[in-house]
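**Student:** This is the structure, below, for whatever I ask next.
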Amino acid sequence: MYLKTLQLRQFRNYQDQKVEFNAAKAILVGNNAQGKSNLLEAVELLATLRSHRMARDRDLIQDGAEFAQINASLERDVGISDLTLTLRRNGRRSVAINGEIVRRQMDFLGVLNAVQFSSLDLELVRGSPEVRRNWLDTLLIQLEPVYAHILHQYNQVLRQRNAFLKKNQESALALNTQNTQLALWDAQLATTGTRVIRRRDRAIQRLAPIAAAWHASISGSTEILEIKYSPNIPLEQQQPEQVQQAFLNKIQQRAVAELYRGTTLVGPHRDEVELTINQTPARQYGSQGQQRTLVLALKLAELQLIEEVVKEPPLLLLDDVLAELDPYRQNQLLDAIQDRFQTLITTTHLSSFDAQWLNSSQILFVKAGEISIN
Ligand SMILES: Nc1ncnc2c1ncn2[C@@H]1O[C@H](COP(=O)(O)OP(=O)(O)OP(=O)(O)O)[C@@H](O)[C@H]1O
């Protein structure tokens with residue numbers, strides 16, 4: 001797939017800016033805080049309707065404006081699509097394809113695919129389990145757009161169940177585990193949660209061998225990367241009914257603690273994705289360089305897996321990471337990309353690129369929310 005044009009209106013520090021991409025690689029160069037990452041964030045939003053910066057919609061809208069709009073023209077094997085995402089201060093969003101409003105967001109997801117790689121991704125190794133869950137969820141949204149709906153349903157049930165537990169936490173009418181209202185929430189939590197768990201499991205099963213192969217190739221086979229999905233609900237059985245039963249059993253076991261703490265302690269909101277290198281947890285393993293190798297392997301695996309599933313190469317968004325990789329890892333990445341994946345790269349200095357790369361790239365200068373070609 002190929003992003004031909006991108007237009008940003010009242011988005012972050014862009015007033016109204018249109019960019020036409022004319023090469024498989026575009027390098028966005030500029031000082032800090034000029035709007036380079038903002039542009040990549042706009043593409044990421046079109047791909048996933050999420051921002052890895054965890055921004056709220058009102059942060060994405062230009063200060064003082066009521067709405068922001070991102071518009072893109074995307075070429076795929078099936079033809080050209082025109083994508084529009086409108087963000088409003090009240091949080092309401094609308095999406096359109098070829099000028100027609102799309103009612104369900106999941107019908108918009110999956111048109112544009114992109115893998116984002118920024119220095120924040122080192123948090124995949126060092127950060128909390130929530131960082132890894134968000135990463136996996138964002139990947140899944142692109143592999144199976146219906147997952148966005150499934151996850152939304154689970155989170156809704158979780159919020160309502162939590163509110164119920166909280167409300168009754170100190171109630172004089174001590175809530176007991178036989179409560180019928182609670183039993184209804186339990187059943188819904190188990191049904192929606194099972195859908196989340198099974199999809200996360202399938203995605204990791206497909207991603208893990210690809211990431212391990214990349215990691216072996218970059219590390220010269222001296223290190224073995226293992227990625228293991230470690231669900232909060234035991235997943236020995238694969239059938240949905242069995243997973244649901246295991247879910248309900250675990251709720252029973254933790255019932256007293258849940259009532260006491262007034263919150264849901266069981267479910268995929270407590271899952272972990274374990275990353276180990278040579279059987280040692282990656283966060284404890286080795287240097288920053290080795291942790292970067294791991295993240296690079298994950299990103300290359302994401303690219304490959306999305307390409308396998310959607311049958312077209314996704315875009316790659318490299319936010320200020322190339323300079324952080326040593327020349328060997330840079331070359332691994334550049335070799336893998338070649339001209340197959342359209343790549344948008346941000347940097348503060350063109351000096352970190354080799355001449356061949358510079359010659360084959362479109363160079364765009366970013367200054368205070370404006371983009372120029374020289
Ligand atoms: N909602 C907003 N309205 C107006 N300006 C905004 C908004 N959100 C962010 N900005 C501005 O965008 C700029 C940050 O841009 P961005 O994060 O893209 O930086 P960058 O060019 O990638 O630089 P760096 O190399 O530091 O990452 C800041 O000047 C910030 O004030």
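So you can find residues: chains in the structure tokens are A, B, ... in the order shown, residues in each start at 1, and ligands are numbered from 1 in order.
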Per residue of chain A within 8 Å of ligand 1, what are the shortest atom pair and its distance in Å to one decimal, counting only C-alpha atoms and all ligand atoms, with rows by chain and residue number, as a tab-separated table?
**Tutor:**
```
residue	atom	partner	partner_atom_place_in_ligand_line	distance
A:Gln10	CA	ligand 1	3 (N)	7.7
A:Phe11	CA	ligand 1	1 (N)	6.7
A:Arg12	CA	ligand 1	2 (C)	3.7
A:Asn13	CA	ligand 1	5 (N)	3.6
A:Tyr14	CA	ligand 1	4 (C)	7.3
A:Gly30	CA	ligand 1	21 (O)	6.2
A:Asn31	CA	ligand 1	25 (O)	6.1
A:Asn32	CA	ligand 1	26 (O)	3.5
A:Ala33	CA	ligand 1	19 (O)	3.4
A:Gln34	CA	ligand 1	21 (O)	3.7
A:Gly35	CA	ligand 1	18 (O)	3.0
A:Lys36	CA	ligand 1	21 (O)	3.7
A:Ser37	CA	ligand 1	18 (O)	3.5
A:Asn38	CA	ligand 1	18 (O)	3.7
A:Leu39	CA	ligand 1	18 (O)	6.5
A:Leu40	CA	ligand 1	18 (O)	7.9
A:Arg58	CA	ligand 1	1 (N)	7.0
A:Asp59	CA	ligand 1	1 (N)	4.6
A:Leu60	CA	ligand 1	1 (N)	4.8
A:Ile61	CA	ligand 1	1 (N)	4.6
A:Gln62	CA	ligand 1	3 (N)	3.5
A:Asp63	CA	ligand 1	3 (N)	4.1
A:Gly64	CA	ligand 1	3 (N)	7.7
A:Asp319	CA	ligand 1	22 (O)	7.5
A:Asp320	CA	ligand 1	25 (O)	6.9
A:Thr346	CA	ligand 1	22 (O)	7.1
A:Thr347	CA	ligand 1	25 (O)	6.9
A:Thr348	CA	ligand 1	25 (O)	6.3
A:Val366	CA	ligand 1	21 (O)	7.2
A:Lys367	CA	ligand 1	21 (O)	7.8
A:Ala368	CA	ligand 1	29 (O)	6.9
A:Gly369	CA	ligand 1	12 (O)	7.3
```
**Student:** Write out the residues from the selection above, keeping N, CA and C atoms, as a compact mmCIF listing (two decimals), in the first residue's frame.
**Tutor:**
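Wrote it out as result.txt, contents follow:
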```
# COMPACT_ATOMS: atom_id res chain seq x y z
N GLN A 10 -5.86 21.67 11.43
CA GLN A 10 -6.02 21.98 12.86
C GLN A 10 -5.63 20.79 13.73
N PHE A 11 -4.66 20.03 13.24
CA PHE A 11 -4.19 18.85 13.97
C PHE A 11 -2.87 19.20 14.65
N ARG A 12 -2.84 19.06 16.01
CA ARG A 12 -1.63 19.44 16.77
C ARG A 12 -1.15 20.82 16.32
N ASN A 13 0.12 20.94 15.90
CA ASN A 13 0.59 22.29 15.53
C ASN A 13 0.47 22.57 14.03
N TYR A 14 -0.32 21.77 13.31
CA TYR A 14 -0.55 22.04 11.88
C TYR A 14 -1.86 22.79 11.68
N GLY A 30 13.92 18.15 10.93
CA GLY A 30 13.61 19.42 11.60
C GLY A 30 14.10 19.38 13.03
N ASN A 31 14.16 20.55 13.64
CA ASN A 31 14.57 20.61 15.05
C ASN A 31 13.52 19.96 15.93
N ASN A 32 13.81 19.90 17.21
CA ASN A 32 12.85 19.33 18.15
C ASN A 32 11.58 20.19 18.18
N ALA A 33 10.48 19.53 18.48
CA ALA A 33 9.19 20.20 18.70
C ALA A 33 8.70 21.04 17.51
N GLN A 34 8.93 20.55 16.30
CA GLN A 34 8.46 21.28 15.11
C GLN A 34 7.23 20.62 14.49
N GLY A 35 7.00 19.34 14.84
CA GLY A 35 5.82 18.67 14.30
C GLY A 35 6.09 17.39 13.53
N LYS A 36 7.33 16.88 13.64
CA LYS A 36 7.67 15.65 12.91
C LYS A 36 6.87 14.45 13.46
N SER A 37 6.93 14.28 14.77
CA SER A 37 6.21 13.15 15.37
C SER A 37 4.71 13.32 15.20
N ASN A 38 4.26 14.57 15.22
CA ASN A 38 2.82 14.82 15.06
C ASN A 38 2.32 14.26 13.73
N LEU A 39 3.13 14.42 12.70
CA LEU A 39 2.72 13.93 11.38
C LEU A 39 2.62 12.39 11.38
N LEU A 40 3.61 11.74 11.98
CA LEU A 40 3.55 10.28 12.05
C LEU A 40 2.35 9.83 12.89
N ARG A 58 -8.76 15.89 22.66
CA ARG A 58 -8.62 17.36 22.78
C ARG A 58 -7.15 17.80 22.75
N ASP A 59 -6.23 16.88 23.04
CA ASP A 59 -4.80 17.22 22.91
C ASP A 59 -4.36 17.19 21.44
N LEU A 60 -5.09 16.42 20.64
CA LEU A 60 -4.72 16.28 19.23
C LEU A 60 -5.22 17.45 18.39
N ILE A 61 -6.24 18.13 18.92
CA ILE A 61 -6.83 19.27 18.19
C ILE A 61 -6.00 20.52 18.49
N GLN A 62 -5.78 21.29 17.45
CA GLN A 62 -4.95 22.49 17.64
C GLN A 62 -5.54 23.39 18.72
N ASP A 63 -4.66 23.93 19.55
CA ASP A 63 -5.12 24.82 20.63
C ASP A 63 -6.06 25.87 20.05
N GLY A 64 -7.21 26.02 20.67
CA GLY A 64 -8.15 27.06 20.24
C GLY A 64 -9.13 26.61 19.17
N ASP A 319 10.11 6.87 14.07
CA ASP A 319 10.15 8.17 14.74
C ASP A 319 11.45 8.31 15.53
N ASP A 320 12.43 8.92 14.89
CA ASP A 320 13.68 9.28 15.57
C ASP A 320 14.44 8.08 16.12
N THR A 346 11.53 10.23 10.74
CA THR A 346 11.82 11.57 11.27
C THR A 346 13.24 11.60 11.81
N THR A 347 13.86 12.76 11.69
CA THR A 347 15.21 12.91 12.21
C THR A 347 15.51 14.39 12.46
N THR A 348 16.45 14.63 13.35
CA THR A 348 16.88 16.03 13.54
C THR A 348 18.08 16.33 12.64
N VAL A 366 10.56 20.21 8.21
CA VAL A 366 9.43 20.52 9.08
C VAL A 366 9.84 21.65 10.03
N LYS A 367 9.06 22.73 9.98
CA LYS A 367 9.36 23.85 10.86
C LYS A 367 8.06 24.47 11.34
N ALA A 368 7.88 24.47 12.65
CA ALA A 368 6.70 25.10 13.29
C ALA A 368 5.39 24.74 12.59
N GLY A 369 5.19 23.46 12.36
CA GLY A 369 3.91 23.01 11.78
C GLY A 369 3.75 23.30 10.31
```
**Student:** Using only C-alpha atoms, which residues sit within 7 Å of range 99-108 of chain A once same-chain residues fewer than 2 positions away are excluded, as a list in words?
**Tutor:**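 Contacts, with the query itself left out: Val95, Ala96, Ile97, Gly110, Val111, Pro145, Val146, Ala148 and His149 of chain A.
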**Student:** Please give the complete set of residues from range 179-340 of chain A that DSSP, run on the backbone, assigns to strand (DSSP E), formatted as a PyMOL selection string.
**Tutor:** chain A and resi 225-230+272-277+280-281+315-319
**Student:** Those same residues, written as a compact mmCIF listing (two decimals), in the first residue's frame with N, CA and C atoms?
**Tutor:**
```txt
# COMPACT_ATOMS: atom_id res chain seq x y z
N LEU A 225 15.32 -15.47 21.54
CA LEU A 225 14.18 -14.69 22.05
C LEU A 225 12.95 -15.58 22.14
N GLU A 226 12.29 -15.52 23.29
CA GLU A 226 11.01 -16.21 23.41
C GLU A 226 9.94 -15.20 23.81
N ILE A 227 8.81 -15.28 23.12
CA ILE A 227 7.68 -14.43 23.49
C ILE A 227 6.56 -15.36 23.91
N LYS A 228 6.09 -15.14 25.10
CA LYS A 228 5.05 -16.03 25.61
C LYS A 228 3.87 -15.23 26.12
N TYR A 229 2.70 -15.61 25.65
CA TYR A 229 1.49 -14.98 26.17
C TYR A 229 1.18 -15.61 27.50
N SER A 230 1.04 -14.80 28.52
CA SER A 230 0.78 -15.33 29.84
C SER A 230 -0.55 -14.76 30.33
N GLU A 272 -0.21 -10.72 30.80
CA GLU A 272 1.19 -10.31 30.59
C GLU A 272 1.70 -10.97 29.30
N VAL A 273 2.60 -10.28 28.64
CA VAL A 273 3.32 -10.89 27.51
C VAL A 273 4.77 -10.97 27.97
N GLU A 274 5.25 -12.20 28.14
CA GLU A 274 6.61 -12.37 28.67
C GLU A 274 7.63 -12.36 27.55
N LEU A 275 8.65 -11.55 27.71
CA LEU A 275 9.74 -11.49 26.73
C LEU A 275 10.99 -12.00 27.44
N THR A 276 11.56 -13.08 26.93
CA THR A 276 12.79 -13.58 27.55
C THR A 276 13.87 -13.76 26.49
N ILE A 277 15.11 -13.49 26.92
CA ILE A 277 16.26 -13.75 26.05
C ILE A 277 17.14 -14.75 26.78
N THR A 280 16.15 -15.56 30.24
CA THR A 280 16.18 -14.54 31.30
C THR A 280 15.20 -13.44 30.89
N PRO A 281 14.39 -12.95 31.85
CA PRO A 281 13.47 -11.85 31.47
C PRO A 281 14.25 -10.73 30.79
N LEU A 315 2.76 0.37 5.95
CA LEU A 315 3.71 1.49 6.04
C LEU A 315 4.56 1.29 7.30
N LEU A 316 5.74 1.86 7.26
CA LEU A 316 6.60 1.84 8.45
C LEU A 316 6.85 3.29 8.86
N LEU A 317 6.61 3.57 10.14
CA LEU A 317 6.80 4.93 10.66
C LEU A 317 7.96 4.90 11.65
N LEU A 318 9.08 5.47 11.27
CA LEU A 318 10.26 5.42 12.14
C LEU A 318 10.46 6.78 12.79
N ASP A 319 10.11 6.87 14.07
CA ASP A 319 10.15 8.17 14.74
C ASP A 319 11.45 8.31 15.53
```
**Student:** Assign secondary structure with DSSP using the backbone only, and return the residues of range 163-314 of chain A in helix (DSSP H, G or I) as an MDAnalysis selection string.
**Tutor:** chainID A and resid 163:169 180:219 240:253 255:261 268:270 282:284 288:310
**Student:** Please, which residues in range 176-218 of chain A fall within 10 Å of range 246-250 of chain A when counting only C-alpha atoms, and what is the closest atom pair and distance in Å to one decimal for each, ordered by chain then residue number, as JSON lines?
**Tutor:**
```
{"residue": "A:Ala183", "atom": "CA", "partner": "A:Leu248", "partner_atom": "CA", "distance": 9.6}
{"residue": "A:Asp186", "atom": "CA", "partner": "A:Leu248", "partner_atom": "CA", "distance": 7.0}
{"residue": "A:Ala187", "atom": "CA", "partner": "A:Leu248", "partner_atom": "CA", "distance": 7.5}
{"residue": "A:Leu189", "atom": "CA", "partner": "A:Phe247", "partner_atom": "CA", "distance": 8.6}
{"residue": "A:Ala190", "atom": "CA", "partner": "A:Phe247", "partner_atom": "CA", "distance": 5.7}
{"residue": "A:Thr191", "atom": "CA", "partner": "A:Phe247", "partner_atom": "CA", "distance": 8.9}
{"residue": "A:Gly193", "atom": "CA", "partner": "A:Phe247", "partner_atom": "CA", "distance": 8.3}
{"residue": "A:Thr194", "atom": "CA", "partner": "A:Phe247", "partner_atom": "CA", "distance": 7.8}
```
**Student:** Pick the closest to Asp77 in chain A from A:Val310, A:Val266, A:Val19, A:Ala65: which is it, counting only C-alpha atoms?
**Tutor:** A:Val310
**Student:** Can you tell me which residues surround Leu207 in chain A at a distance of at most 9 Å, considering only C-alpha atoms, apart from same-chain residues fewer than 4 positions away, and format the answer as a ChimeraX atom specification?
**Tutor:** /A:202-203,211-212,227,298,301-302,304-305
**Student:** Could you take the residues named above and write them with N, CA and C atoms, as a short mmCIF file (atom, residue, chain, number, x, y, z; two decimals), in the first residue's frame?
**Tutor:**
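Output saved as selection.cif:
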```
data_model
loop_
_atom_site.label_atom_id
_atom_site.label_comp_id
_atom_site.auth_asym_id
_atom_site.auth_seq_id
_atom_site.Cartn_x
_atom_site.Cartn_y
_atom_site.Cartn_z
N ARG A 202 -3.70 -16.31 19.83
CA ARG A 202 -3.43 -16.63 18.41
C ARG A 202 -2.40 -15.68 17.81
N ALA A 203 -2.52 -14.40 18.14
CA ALA A 203 -1.60 -13.42 17.56
C ALA A 203 -0.18 -13.69 18.04
N ALA A 211 9.42 -13.18 15.19
CA ALA A 211 10.29 -12.29 15.97
C ALA A 211 11.56 -13.03 16.39
N ALA A 212 11.42 -14.31 16.76
CA ALA A 212 12.60 -15.09 17.18
C ALA A 212 13.59 -15.22 16.02
N ILE A 227 8.81 -15.28 23.12
CA ILE A 227 7.68 -14.43 23.49
C ILE A 227 6.56 -15.36 23.91
N LEU A 298 10.92 -7.24 17.21
CA LEU A 298 9.45 -7.19 17.35
C LEU A 298 8.83 -6.39 16.21
N ALA A 301 8.97 -8.15 12.97
CA ALA A 301 7.98 -9.23 12.98
C ALA A 301 6.57 -8.67 12.75
N GLU A 302 6.28 -7.52 13.34
CA GLU A 302 4.97 -6.89 13.12
C GLU A 302 4.76 -6.60 11.64
N GLN A 304 6.17 -8.01 9.07
CA GLN A 304 6.03 -9.24 8.30
C GLN A 304 4.66 -9.89 8.53
N LEU A 305 4.22 -9.90 9.80
CA LEU A 305 2.94 -10.55 10.10
C LEU A 305 1.77 -9.78 9.46
#
```
**Student:** One decimal, in Å: what's the spacing between CA of Phe67 in chain A and CA of Gln7 in chain A?
**Tutor:**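 Answer for the CA of Phe67 in chain A to CA of Gln7 in chain A separation: 14.2 Å.
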